[in-house]
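**Q** Structure supplied as run.tsv; contents: TSV, C-alpha atoms (C1' of nucleotides).
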```tsv
chain	number	residue	atom	x	y	z
A	753	MET	CA	-23.60	-26.95	9.76
A	754	THR	CA	-27.33	-26.31	9.80
A	755	ASP	CA	-27.23	-24.02	6.78
A	756	ASP	CA	-25.78	-26.74	4.61
A	757	LEU	CA	-29.45	-27.54	4.10
A	758	VAL	CA	-29.88	-24.72	1.62
A	759	LEU	CA	-31.19	-25.42	-1.84
A	760	ARG	CA	-28.65	-23.39	-3.80
A	761	ARG	CA	-25.75	-25.05	-2.03
A	762	GLN	CA	-26.72	-28.55	-2.99
A	763	VAL	CA	-24.92	-30.18	-5.86
A	764	CYS	CA	-27.88	-32.51	-6.32
A	765	PHE	CA	-30.29	-29.69	-6.95
A	766	ALA	CA	-27.86	-28.17	-9.45
A	767	LEU	CA	-27.71	-31.55	-11.17
A	768	TYR	CA	-31.45	-32.07	-11.12
A	769	ALA	CA	-32.11	-28.54	-12.42
A	770	ALA	CA	-29.46	-28.73	-15.14
A	771	SER	CA	-30.72	-32.09	-16.33
A	772	ARG	CA	-34.27	-30.80	-16.66
A	773	ALA	CA	-33.08	-27.58	-18.30
A	774	LEU	CA	-31.16	-29.51	-20.94
A	775	THR	CA	-34.15	-31.73	-21.59
A	776	ASP	CA	-36.11	-28.52	-22.17
A	777	VAL	CA	-33.66	-27.68	-24.95
A	778	TYR	CA	-34.09	-31.09	-26.51
A	779	ARG	CA	-37.88	-31.08	-26.35
A	780	PRO	CA	-38.75	-28.73	-29.23
A	781	ILE	CA	-36.02	-30.28	-31.40
A	782	LEU	CA	-37.17	-33.86	-30.80
A	783	ASP	CA	-40.83	-32.89	-30.99
A	784	GLU	CA	-40.34	-32.21	-34.70
A	785	VAL	CA	-39.64	-35.89	-35.26
A	786	GLY	CA	-42.09	-37.10	-32.62
A	787	LEU	CA	-39.50	-38.38	-30.13
A	788	THR	CA	-39.08	-37.96	-26.40
A	789	TYR	CA	-35.63	-37.63	-24.87
A	790	PRO	CA	-35.44	-41.19	-23.48
A	791	GLN	CA	-36.62	-42.53	-26.84
A	792	TYR	CA	-33.81	-40.56	-28.48
A	793	LEU	CA	-31.32	-42.16	-26.07
A	794	VAL	CA	-32.49	-45.62	-27.11
A	795	LEU	CA	-32.03	-44.71	-30.76
A	796	LEU	CA	-28.52	-43.40	-30.01
A	797	VAL	CA	-27.57	-46.86	-28.74
A	798	LEU	CA	-29.10	-48.56	-31.76
A	799	TRP	CA	-27.40	-46.18	-34.21
A	800	GLU	CA	-24.03	-46.99	-32.67
A	801	ARG	CA	-24.31	-50.60	-33.82
A	802	PRO	CA	-26.79	-50.78	-36.65
A	803	ASP	CA	-26.34	-54.49	-37.35
A	804	ASP	CA	-26.38	-55.66	-33.79
A	805	ALA	CA	-30.03	-55.75	-32.60
A	806	PRO	CA	-29.28	-55.68	-28.86
A	807	THR	CA	-31.68	-57.25	-26.39
A	808	VAL	CA	-33.83	-55.26	-24.01
A	809	SER	CA	-31.39	-56.10	-21.19
A	810	GLU	CA	-28.40	-54.92	-23.18
A	811	LEU	CA	-30.15	-51.63	-23.92
A	812	GLY	CA	-30.96	-51.38	-20.23
A	813	ALA	CA	-27.33	-51.95	-19.26
A	814	GLU	CA	-26.21	-49.08	-21.51
A	815	LEU	CA	-28.88	-46.66	-20.34
A	816	ARG	CA	-29.30	-48.02	-16.81
A	817	LEU	CA	-33.01	-48.49	-17.29
A	818	ASP	CA	-34.99	-51.59	-16.42
A	819	SER	CA	-37.62	-53.47	-18.40
A	820	GLY	CA	-40.34	-51.62	-16.51
A	821	THR	CA	-39.24	-48.45	-18.27
A	822	LEU	CA	-37.99	-49.91	-21.53
A	823	SER	CA	-40.84	-52.28	-22.40
A	824	PRO	CA	-43.54	-49.62	-22.84
A	825	LEU	CA	-41.03	-47.19	-24.38
A	826	LEU	CA	-39.97	-49.74	-26.99
A	827	LYS	CA	-43.60	-50.57	-27.68
A	828	ARG	CA	-44.15	-46.90	-28.52
A	829	LEU	CA	-41.05	-46.78	-30.72
A	830	GLU	CA	-42.32	-49.86	-32.50
A	831	GLY	CA	-45.73	-48.26	-32.89
A	832	ALA	CA	-44.00	-45.26	-34.49
A	833	GLY	CA	-42.36	-47.62	-36.99
A	834	LEU	CA	-38.80	-46.85	-35.91
A	835	VAL	CA	-37.94	-50.17	-34.30
A	836	VAL	CA	-38.81	-53.86	-34.51
A	837	ARG	CA	-38.85	-56.36	-31.66
A	838	ARG	CA	-38.41	-60.09	-32.20
A	839	ARG	CA	-37.90	-63.00	-29.86
A	840	SER	CA	-34.44	-64.49	-30.14
A	841	ALA	CA	-34.41	-67.82	-31.96
A	842	ARG	CA	-32.00	-69.58	-29.64
A	843	ASP	CA	-33.26	-68.04	-26.39
A	844	GLU	CA	-36.98	-67.43	-26.36
A	845	ARG	CA	-36.69	-65.26	-23.26
A	846	ARG	CA	-34.72	-62.58	-25.07
A	847	VAL	CA	-36.21	-59.88	-27.24
A	848	GLU	CA	-33.93	-58.31	-29.82
A	849	VAL	CA	-34.49	-54.71	-30.79
A	850	GLY	CA	-33.56	-53.68	-34.32
A	851	LEU	CA	-33.90	-50.51	-36.38
A	852	THR	CA	-36.34	-50.22	-39.24
A	853	GLU	CA	-35.31	-48.36	-42.37
A	854	GLN	CA	-37.25	-45.40	-41.04
A	855	GLY	CA	-35.45	-45.58	-37.71
A	856	ARG	CA	-32.11	-45.79	-39.48
A	857	SER	CA	-32.85	-42.79	-41.67
A	858	LEU	CA	-33.76	-40.61	-38.70
A	859	ARG	CA	-30.09	-40.49	-37.79
A	860	GLU	CA	-29.16	-38.08	-40.56
A	861	GLN	CA	-32.01	-35.77	-39.66
A	862	LEU	CA	-30.68	-35.48	-36.11
A	863	CYS	CA	-26.92	-35.42	-36.66
A	864	ASP	CA	-26.62	-31.72	-35.89
A	865	VAL	CA	-28.46	-32.05	-32.58
A	866	PRO	CA	-25.39	-32.49	-30.33
A	867	LEU	CA	-23.89	-29.28	-31.68
A	868	ARG	CA	-27.08	-27.34	-31.08
A	869	ILE	CA	-27.28	-28.66	-27.53
A	870	ALA	CA	-23.64	-27.88	-26.84
A	871	GLN	CA	-24.21	-24.31	-27.96
A	872	ALA	CA	-27.22	-23.94	-25.69
A	873	THR	CA	-25.11	-24.75	-22.63
A	874	GLY	CA	-22.91	-21.71	-23.26
A	875	LEU	CA	-19.82	-23.76	-22.34
A	876	GLY	CA	-16.70	-24.13	-24.44
A	877	LEU	CA	-15.68	-27.51	-25.83
A	878	GLY	CA	-13.05	-28.00	-23.14
A	879	GLU	CA	-15.47	-27.22	-20.36
A	880	LEU	CA	-18.04	-29.57	-21.84
A	881	VAL	CA	-15.60	-32.46	-21.99
A	882	ALA	CA	-14.44	-31.77	-18.43
A	883	LEU	CA	-18.01	-31.58	-17.19
A	884	ARG	CA	-18.94	-34.81	-18.94
A	885	ASP	CA	-15.94	-36.62	-17.49
A	886	THR	CA	-16.62	-35.38	-13.96
A	887	LEU	CA	-20.25	-36.48	-14.20
A	888	THR	CA	-19.29	-39.86	-15.62
A	889	ARG	CA	-16.86	-40.32	-12.76
A	890	VAL	CA	-19.58	-39.51	-10.21
A	891	THR	CA	-22.02	-41.91	-11.84
A	892	ASP	CA	-19.45	-44.71	-11.97
A	893	THR	CA	-18.45	-44.13	-8.34
A	894	ILE	CA	-22.04	-44.42	-7.19
A	895	HIS	CA	-22.71	-47.52	-9.23
A	896	ARG	CA	-19.57	-49.22	-8.01
A	897	GLN	CA	-20.72	-48.61	-4.42
A	898	LYS	CA	-24.13	-50.08	-5.19
A	899	GLU	CA	-22.68	-53.31	-6.44
A	900	GLN	CA	-20.75	-53.99	-3.25
B	543	MET	CA	-18.89	-35.58	-37.44
B	544	THR	CA	-21.30	-38.48	-37.67
B	545	ASP	CA	-19.84	-40.21	-34.63
B	546	ASP	CA	-20.71	-37.28	-32.41
B	547	LEU	CA	-23.95	-39.21	-32.12
B	548	VAL	CA	-22.45	-41.61	-29.61
B	549	LEU	CA	-24.03	-42.05	-26.22
B	550	ARG	CA	-20.90	-41.85	-24.10
B	551	ARG	CA	-19.82	-38.62	-25.78
B	552	GLN	CA	-22.96	-36.74	-24.93
B	553	VAL	CA	-22.87	-34.38	-21.99
B	554	CYS	CA	-26.63	-34.69	-21.70
B	555	PHE	CA	-26.51	-38.40	-21.13
B	556	ALA	CA	-23.81	-37.91	-18.50
B	557	LEU	CA	-26.06	-35.36	-16.84
B	558	TYR	CA	-29.16	-37.53	-17.06
B	559	ALA	CA	-27.30	-40.58	-15.73
B	560	ALA	CA	-25.60	-38.69	-12.90
B	561	SER	CA	-28.86	-37.10	-11.83
B	562	ARG	CA	-30.60	-40.47	-11.63
B	563	ALA	CA	-27.61	-42.05	-9.89
B	564	LEU	CA	-27.62	-39.38	-7.19
B	565	THR	CA	-31.36	-39.80	-6.73
B	566	ASP	CA	-30.63	-43.49	-6.16
B	567	VAL	CA	-28.37	-42.48	-3.28
B	568	TYR	CA	-31.10	-40.30	-1.80
B	569	ARG	CA	-33.86	-42.88	-2.11
B	570	PRO	CA	-33.01	-45.24	0.78
B	571	ILE	CA	-32.17	-42.28	3.02
B	572	LEU	CA	-35.41	-40.43	2.32
B	573	ASP	CA	-37.44	-43.64	2.37
B	574	GLU	CA	-36.79	-43.85	6.10
B	575	VAL	CA	-38.82	-40.69	6.64
B	576	GLY	CA	-41.31	-41.42	3.87
B	577	LEU	CA	-40.17	-38.69	1.47
B	578	THR	CA	-39.42	-38.64	-2.24
B	579	TYR	CA	-36.60	-36.53	-3.59
B	580	PRO	CA	-38.82	-33.75	-5.05
B	581	GLN	CA	-40.74	-33.62	-1.77
B	582	TYR	CA	-37.41	-33.20	0.03
B	583	LEU	CA	-36.58	-30.29	-2.30
B	584	VAL	CA	-39.84	-28.56	-1.38
B	585	LEU	CA	-39.04	-28.96	2.31
B	586	LEU	CA	-35.55	-27.53	1.73
B	587	VAL	CA	-37.15	-24.34	0.43
B	588	LEU	CA	-39.55	-24.16	3.36
B	589	TRP	CA	-36.81	-24.81	5.91
B	590	GLU	CA	-34.82	-21.89	4.51
B	591	ARG	CA	-37.51	-19.44	5.59
B	592	PRO	CA	-39.60	-21.03	8.30
B	593	ASP	CA	-41.82	-18.03	8.94
B	594	ASP	CA	-42.49	-17.15	5.34
B	595	ALA	CA	-45.15	-19.54	4.01
B	596	PRO	CA	-44.40	-19.03	0.29
B	597	THR	CA	-47.11	-19.46	-2.30
B	598	VAL	CA	-47.23	-22.36	-4.74
B	599	SER	CA	-45.89	-20.04	-7.46
B	600	GLU	CA	-42.98	-18.89	-5.33
B	601	LEU	CA	-42.06	-22.50	-4.59
B	602	GLY	CA	-42.33	-23.18	-8.31
B	603	ALA	CA	-40.01	-20.29	-9.12
B	604	GLU	CA	-37.33	-21.67	-6.77
B	605	LEU	CA	-37.59	-25.23	-8.01
B	606	ARG	CA	-38.67	-24.45	-11.58
B	607	LEU	CA	-41.72	-26.66	-11.27
B	608	ASP	CA	-45.25	-25.71	-12.28
B	609	SER	CA	-48.52	-26.17	-10.45
B	610	GLY	CA	-49.18	-29.33	-12.43
B	611	THR	CA	-46.30	-30.93	-10.57
B	612	LEU	CA	-46.52	-29.08	-7.27
B	613	SER	CA	-50.26	-29.28	-6.58
B	614	PRO	CA	-50.45	-33.06	-6.20
B	615	LEU	CA	-47.03	-33.18	-4.51
B	616	LEU	CA	-48.11	-30.62	-1.90
B	617	LYS	CA	-51.36	-32.48	-1.40
B	618	ARG	CA	-49.31	-35.57	-0.51
B	619	LEU	CA	-47.03	-33.59	1.83
B	620	GLU	CA	-50.16	-32.20	3.51
B	621	GLY	CA	-51.59	-35.72	3.77
B	622	ALA	CA	-48.35	-36.76	5.50
B	623	GLY	CA	-48.85	-33.96	8.02
B	624	LEU	CA	-45.68	-32.07	7.11
B	625	VAL	CA	-47.24	-29.04	5.47
B	626	VAL	CA	-50.40	-26.91	5.57
B	627	ARG	CA	-51.99	-25.07	2.65
B	628	ARG	CA	-54.22	-22.05	3.15
B	629	ARG	CA	-55.74	-19.51	0.78
B	630	SER	CA	-54.22	-16.06	1.16
B	631	ALA	CA	-56.53	-13.61	2.90
B	632	ARG	CA	-55.84	-10.66	0.64
B	633	ASP	CA	-55.60	-12.60	-2.64
B	634	GLU	CA	-57.89	-15.57	-2.77
B	635	ARG	CA	-56.08	-16.94	-5.81
B	636	ARG	CA	-52.90	-17.61	-3.87
B	637	VAL	CA	-52.26	-20.64	-1.70
B	638	GLU	CA	-49.64	-20.26	1.01
B	639	VAL	CA	-47.64	-23.31	2.02
B	640	GLY	CA	-46.43	-23.48	5.62
B	641	LEU	CA	-44.60	-26.06	7.71
B	642	THR	CA	-46.32	-27.98	10.49
B	643	GLU	CA	-44.44	-28.69	13.69
B	644	GLN	CA	-43.79	-32.17	12.34
B	645	GLY	CA	-42.45	-30.76	9.08
B	646	ARG	CA	-40.22	-28.36	10.99
B	647	SER	CA	-38.82	-31.09	13.20
B	648	LEU	CA	-37.87	-33.26	10.24
B	649	ARG	CA	-35.07	-30.85	9.48
B	650	GLU	CA	-32.87	-32.03	12.33
B	651	GLN	CA	-33.33	-35.65	11.35
B	652	LEU	CA	-32.01	-34.89	7.88
B	653	CYS	CA	-29.23	-32.41	8.59
B	654	ASP	CA	-26.47	-34.90	7.89
B	655	VAL	CA	-27.90	-35.87	4.50
B	656	PRO	CA	-25.85	-33.42	2.37
B	657	LEU	CA	-22.63	-34.77	3.85
B	658	ARG	CA	-23.62	-38.36	3.15
B	659	ILE	CA	-24.51	-37.46	-0.42
B	660	ALA	CA	-21.28	-35.54	-0.95
B	661	GLN	CA	-19.32	-38.57	0.22
B	662	ALA	CA	-21.18	-40.84	-2.19
B	663	THR	CA	-20.04	-38.78	-5.17
B	664	GLY	CA	-16.40	-39.52	-4.39
B	665	LEU	CA	-15.49	-35.90	-5.20
B	666	GLY	CA	-13.55	-33.54	-2.98
B	667	LEU	CA	-15.15	-30.40	-1.60
B	668	GLY	CA	-13.45	-28.19	-4.18
B	669	GLU	CA	-14.57	-30.37	-7.06
B	670	LEU	CA	-18.12	-30.42	-5.73
B	671	VAL	CA	-18.29	-26.65	-5.52
B	672	ALA	CA	-16.83	-26.29	-9.01
B	673	LEU	CA	-19.27	-28.84	-10.41
B	674	ARG	CA	-22.21	-27.13	-8.75
B	675	ASP	CA	-21.18	-23.75	-10.10
B	676	THR	CA	-20.70	-25.05	-13.63
B	677	LEU	CA	-24.09	-26.72	-13.57
B	678	THR	CA	-25.76	-23.62	-12.17
B	679	ARG	CA	-24.17	-21.57	-14.94
B	680	VAL	CA	-25.49	-23.97	-17.59
B	681	THR	CA	-28.99	-23.91	-16.11
B	682	ASP	CA	-29.01	-20.11	-15.92
B	683	THR	CA	-27.73	-19.79	-19.49
B	684	ILE	CA	-30.50	-22.02	-20.79
B	685	HIS	CA	-33.19	-20.22	-18.85
B	686	ARG	CA	-32.00	-16.82	-19.95
B	687	GLN	CA	-32.27	-17.98	-23.57
B	688	LYS	CA	-35.79	-19.26	-22.99
B	689	GLU	CA	-36.99	-15.92	-21.74
B	690	GLN	CA	-35.90	-14.06	-24.83
C	671	DG	C1'	-35.51	-86.77	-18.17
C	672	DC	C1'	-36.94	-83.87	-14.16
C	673	DC	C1'	-36.88	-80.23	-11.09
C	674	DC	C1'	-35.09	-75.97	-9.07
C	675	DG	C1'	-32.94	-71.78	-9.14
C	676	DA	C1'	-31.76	-68.16	-12.21
C	677	DT	C1'	-32.72	-65.12	-15.95
C	678	DA	C1'	-35.57	-62.16	-19.45
C	679	DA	C1'	-39.32	-59.48	-20.45
C	680	DG	C1'	-43.58	-57.73	-19.32
C	681	DT	C1'	-47.29	-55.86	-16.02
C	682	DT	C1'	-49.12	-53.06	-12.23
C	683	DG	C1'	-49.07	-49.24	-9.19
C	684	DT	C1'	-47.06	-44.81	-7.50
C	685	DG	C1'	-44.99	-40.42	-8.15
C	686	DC	C1'	-42.96	-37.09	-10.72
C	687	DA	C1'	-42.63	-33.64	-15.10
C	688	DC	C1'	-44.91	-31.19	-18.39
C	689	DA	C1'	-48.40	-29.66	-21.88
C	690	DA	C1'	-52.94	-28.15	-22.37
C	691	DC	C1'	-56.89	-26.88	-20.29
C	692	DT	C1'	-60.34	-25.19	-16.60
C	693	DT	C1'	-61.91	-22.33	-12.85
C	694	DA	C1'	-61.73	-18.51	-10.03
C	695	DA	C1'	-59.99	-14.13	-8.46
C	696	DT	C1'	-57.74	-9.83	-9.56
C	697	DT	C1'	-56.07	-5.89	-12.18
C	698	DG	C1'	-55.98	-2.49	-15.65
C	699	DT	C1'	-58.37	0.37	-19.01
C	700	DG	C1'	-61.83	2.85	-20.88
D	451	DC	C1'	-68.36	1.03	-12.74
D	452	DA	C1'	-67.81	-2.57	-16.45
D	453	DC	C1'	-65.29	-5.91	-18.54
D	454	DA	C1'	-61.44	-7.77	-20.97
D	455	DA	C1'	-56.91	-9.46	-20.11
D	456	DT	C1'	-54.02	-11.41	-16.71
D	457	DT	C1'	-52.71	-14.27	-12.96
D	458	DA	C1'	-52.98	-18.38	-9.56
D	459	DA	C1'	-53.97	-22.90	-8.63
D	460	DG	C1'	-55.84	-27.06	-9.89
D	461	DT	C1'	-57.14	-30.93	-13.31
D	462	DT	C1'	-56.40	-34.14	-17.11
D	463	DG	C1'	-53.65	-36.87	-20.07
D	464	DT	C1'	-49.08	-38.73	-21.61
D	465	DG	C1'	-44.62	-40.56	-20.77
D	466	DC	C1'	-40.99	-41.69	-18.06
D	467	DA	C1'	-38.59	-44.05	-13.60
D	468	DC	C1'	-38.74	-47.47	-10.39
D	469	DA	C1'	-40.40	-51.04	-7.05
D	470	DA	C1'	-42.72	-55.25	-6.75
D	471	DC	C1'	-44.67	-58.82	-8.99
D	472	DT	C1'	-45.89	-62.30	-12.82
D	473	DT	C1'	-44.99	-65.31	-16.66
D	474	DA	C1'	-42.14	-67.88	-19.47
D	475	DT	C1'	-37.84	-69.86	-20.67
D	476	DC	C1'	-33.39	-71.64	-19.76
D	477	DG	C1'	-29.57	-74.22	-17.51
D	478	DG	C1'	-27.38	-77.19	-14.12
D	479	DG	C1'	-27.47	-81.01	-10.88
D	480	DC	C1'	-29.51	-85.14	-9.66
```
Mind turning this structure into structure tokens?

**A**
Amino acid sequence: MTDDLVLRRQVCFALYAASRALTDVYRPILDEVGLTYPQYLVLLVLWERPDDAPTVSELGAELRLDSGTLSPLLKRLEGAGLVVRRRSARDERRVEVGLTEQGRSLREQLCDVPLRIAQATGLGLGELVALRDTLTRVTDTIHRQKEQ
Amino acid sequence: MTDDLVLRRQVCFALYAASRALTDVYRPILDEVGLTYPQYLVLLVLWERPDDAPTVSELGAELRLDSGTLSPLLKRLEGAGLVVRRRSARDERRVEVGLTEQGRSLREQLCDVPLRIAQATGLGLGELVALRDTLTRVTDTIHRQKEQ
DNA sequence: GCCCGATAAGTTGTGCACAACTTAATTGTG
DNA sequence: CACAATTAAGTTGTGCACAACTTATCGGGC
């Protein structure tokens, strides 16, 4: 019982370490275009629906990040000329986030990134899909518990 | 090809989201004893070898964190009375990190934490072990590539 | 029409992570 | 022995995450 408290036995440490290791793989790749990993995640959401201009809250719901994280991040993306923010006409509380032409065009430059990352993991395609699905299940389980 | 760039398909996002979700489970538990999750990880290493007093570098090698992260974190743990730092006698560059009595006694208070976390994931024991081993393999693969 | 609770985004403060740098001690080589 | 290269820890600066709070807008009930 007492030696359950050992670092290498903990799933959470494995998760924490793997997450940081993968971010290390992303860093040099994203550095070339001046992005951080969370900024890249925001762009992924925007690229999925290029004509949508989601609000800050909608972005936050996808990425599970709050305005405390997103507001300064989006300000930096706007400063880099990749994104525009505008108050919604019919609800002045909302801020819609849209891609600039420059932000749109970044997508092609980065389309081979997922493949390069997948290769760095050393896992086969089947293992990757299984891993992703297991992790997604864990995340959903935890979030469902939170809400109740 | 182009729709590989979709958030929900990316293993890395699943990893990033799961890691943050699990930290969310830890937070209220560790809050009760005034710890953050990375501080808890440092204590895990110290609890494994209570008479060892590893150096900052040795802690960093276990957790893959550098002195830029560990120095202020250890200063806070010392401020909380859980840890002591002392310069090594035979190598004045090194700083050895040891547990205080208070830091040692925290272990018993937290020994049921891994079980509570495991339950929150909703996975069975076999799945947890498999997940941990896959993640550890990915982390090791990435780090081996870095070194070459 | 007015107010009250709810909602949206932003701000402030704390604590990681990590890069780049500084300071100090040690080791290896001539 | 001298001294250059290395190593260890700490510092500084940037960018997340997240809690707690503020400001502004909106909507429903009266």

**Q** Residues of chain B within 8 Å of chain A, counting only C-alpha atoms, what are they? List them as a PyMOL selection string.

**A** chain B and resi 544+546-549+551-561+563-564+567+583+586-587+590+605-606+653+656+662-665+670-671+673-674+676-678+680-681+683-685

**Q** Would you mind exporting C-alpha atoms of the selected residues as a PDB file, in the frame of the given file?

**A**
```
ATOM      1  CA  THR B 544     -21.300 -38.480 -37.670  1.00  0.00           C
ATOM      2  CA  ASP B 546     -20.710 -37.280 -32.410  1.00  0.00           C
ATOM      3  CA  LEU B 547     -23.950 -39.210 -32.120  1.00  0.00           C
ATOM      4  CA  VAL B 548     -22.450 -41.610 -29.610  1.00  0.00           C
ATOM      5  CA  LEU B 549     -24.030 -42.050 -26.220  1.00  0.00           C
ATOM      6  CA  ARG B 551     -19.820 -38.620 -25.780  1.00  0.00           C
ATOM      7  CA  GLN B 552     -22.960 -36.740 -24.930  1.00  0.00           C
ATOM      8  CA  VAL B 553     -22.870 -34.380 -21.990  1.00  0.00           C
ATOM      9  CA  CYS B 554     -26.630 -34.690 -21.700  1.00  0.00           C
ATOM     10  CA  PHE B 555     -26.510 -38.400 -21.130  1.00  0.00           C
ATOM     11  CA  ALA B 556     -23.810 -37.910 -18.500  1.00  0.00           C
ATOM     12  CA  LEU B 557     -26.060 -35.360 -16.840  1.00  0.00           C
ATOM     13  CA  TYR B 558     -29.160 -37.530 -17.060  1.00  0.00           C
ATOM     14  CA  ALA B 559     -27.300 -40.580 -15.730  1.00  0.00           C
ATOM     15  CA  ALA B 560     -25.600 -38.690 -12.900  1.00  0.00           C
ATOM     16  CA  SER B 561     -28.860 -37.100 -11.830  1.00  0.00           C
ATOM     17  CA  ALA B 563     -27.610 -42.050  -9.890  1.00  0.00           C
ATOM     18  CA  LEU B 564     -27.620 -39.380  -7.190  1.00  0.00           C
ATOM     19  CA  VAL B 567     -28.370 -42.480  -3.280  1.00  0.00           C
ATOM     20  CA  LEU B 583     -36.580 -30.290  -2.300  1.00  0.00           C
ATOM     21  CA  LEU B 586     -35.550 -27.530   1.730  1.00  0.00           C
ATOM     22  CA  VAL B 587     -37.150 -24.340   0.430  1.00  0.00           C
ATOM     23  CA  GLU B 590     -34.820 -21.890   4.510  1.00  0.00           C
ATOM     24  CA  LEU B 605     -37.590 -25.230  -8.010  1.00  0.00           C
ATOM     25  CA  ARG B 606     -38.670 -24.450 -11.580  1.00  0.00           C
ATOM     26  CA  CYS B 653     -29.230 -32.410   8.590  1.00  0.00           C
ATOM     27  CA  PRO B 656     -25.850 -33.420   2.370  1.00  0.00           C
ATOM     28  CA  ALA B 662     -21.180 -40.840  -2.190  1.00  0.00           C
ATOM     29  CA  THR B 663     -20.040 -38.780  -5.170  1.00  0.00           C
ATOM     30  CA  GLY B 664     -16.400 -39.520  -4.390  1.00  0.00           C
ATOM     31  CA  LEU B 665     -15.490 -35.900  -5.200  1.00  0.00           C
ATOM     32  CA  LEU B 670     -18.120 -30.420  -5.730  1.00  0.00           C
ATOM     33  CA  VAL B 671     -18.290 -26.650  -5.520  1.00  0.00           C
ATOM     34  CA  LEU B 673     -19.270 -28.840 -10.410  1.00  0.00           C
ATOM     35  CA  ARG B 674     -22.210 -27.130  -8.750  1.00  0.00           C
ATOM     36  CA  THR B 676     -20.700 -25.050 -13.630  1.00  0.00           C
ATOM     37  CA  LEU B 677     -24.090 -26.720 -13.570  1.00  0.00           C
ATOM     38  CA  THR B 678     -25.760 -23.620 -12.170  1.00  0.00           C
ATOM     39  CA  VAL B 680     -25.490 -23.970 -17.590  1.00  0.00           C
ATOM     40  CA  THR B 681     -28.990 -23.910 -16.110  1.00  0.00           C
ATOM     41  CA  THR B 683     -27.730 -19.790 -19.490  1.00  0.00           C
ATOM     42  CA  ILE B 684     -30.500 -22.020 -20.790  1.00  0.00           C
ATOM     43  CA  HIS B 685     -33.190 -20.220 -18.850  1.00  0.00           C
TER      44      HIS B 685
END
```

**Q** Please find the residues of chain D near chain B - the criterion being any atom within 8 Å, counting all atoms listed in the file - and write them as a PyMOL selection string.

**A** chain D and resi 458-460

**Q** Between C1' of DA467 in chain D and CA of Thr578 in chain B, what is the distance, to one decimal in Å?

**A** 12.6 Å

**Q** For Asp803 in chain A, work out the shell of residues within 12 Å, counting only C-alpha atoms (C1' of nucleotides) and skipping chain neighbours fewer than 4 positions away, then give it as a PDB file with C-alpha atoms, in the frame of the given file.

**A**
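The resulting file, part_10.pdb, is reproduced below:
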```
ATOM      1  CA  VAL A 797     -27.570 -46.860 -28.740  1.00  0.00           C
ATOM      2  CA  LEU A 798     -29.100 -48.560 -31.760  1.00  0.00           C
ATOM      3  CA  TRP A 799     -27.400 -46.180 -34.210  1.00  0.00           C
ATOM      4  CA  GLU A 848     -33.930 -58.310 -29.820  1.00  0.00           C
ATOM      5  CA  VAL A 849     -34.490 -54.710 -30.790  1.00  0.00           C
ATOM      6  CA  GLY A 850     -33.560 -53.680 -34.320  1.00  0.00           C
ATOM      7  CA  LEU A 851     -33.900 -50.510 -36.380  1.00  0.00           C
ATOM      8  CA  THR A 852     -36.340 -50.220 -39.240  1.00  0.00           C
ATOM      9  CA  GLU A 853     -35.310 -48.360 -42.370  1.00  0.00           C
ATOM     10  CA  ARG A 856     -32.110 -45.790 -39.480  1.00  0.00           C
TER      11      ARG A 856
END
```

**Q** Which polymer residues, whether protein, DNA or RNA, lie within 10 Å of the coordinate (-33.9, -69.7, -10.3) when you count only C-alpha atoms (C1' of nucleotides)? List them as a VMD selection string, using the chain letters and numbers from the file.

**A** (chain C and resid 674 to 677) or (chain D and resid 476 to 477)

**Q** Would you compute the distance between CA of Ala595 in chain B and C1' of DA690 in chain C? Give it in Å to one decimal.

**A**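 Answer for the CA of Ala595 in chain B to C1' of DA690 in chain C separation: 28.8 Å.
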
**Q** Considering all atoms listed in the file, extract the chain C residues located within 12 Å of chain A and return them as a PyMOL selection string.

**A** chain C and resi 677-683+687-689

**Q** Quick one, how far is CA of Glu620 in chain B from CA of Ile571 in chain B?

**A**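 The value is 20.6 Å.
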
**Q** When distances are computed from all atoms listed in the file, which of D:DA452, D:DC466, D:DA474, D:DC480 shows the smallest separation from DG671 in chain C?

**A**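 When distances to DG671 in chain C are compared using all atoms listed in the file, the smallest one comes from D:DC480.
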
**Q** Which of these, C:DT699, C:DC672, C:DT692, C:DG685, has the shortest distance to DT461 in chain D once you count only C-alpha atoms (C1' of nucleotides)?

**A**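 The shortest atom-to-atom distance to DT461 in chain D comes from C:DT692.
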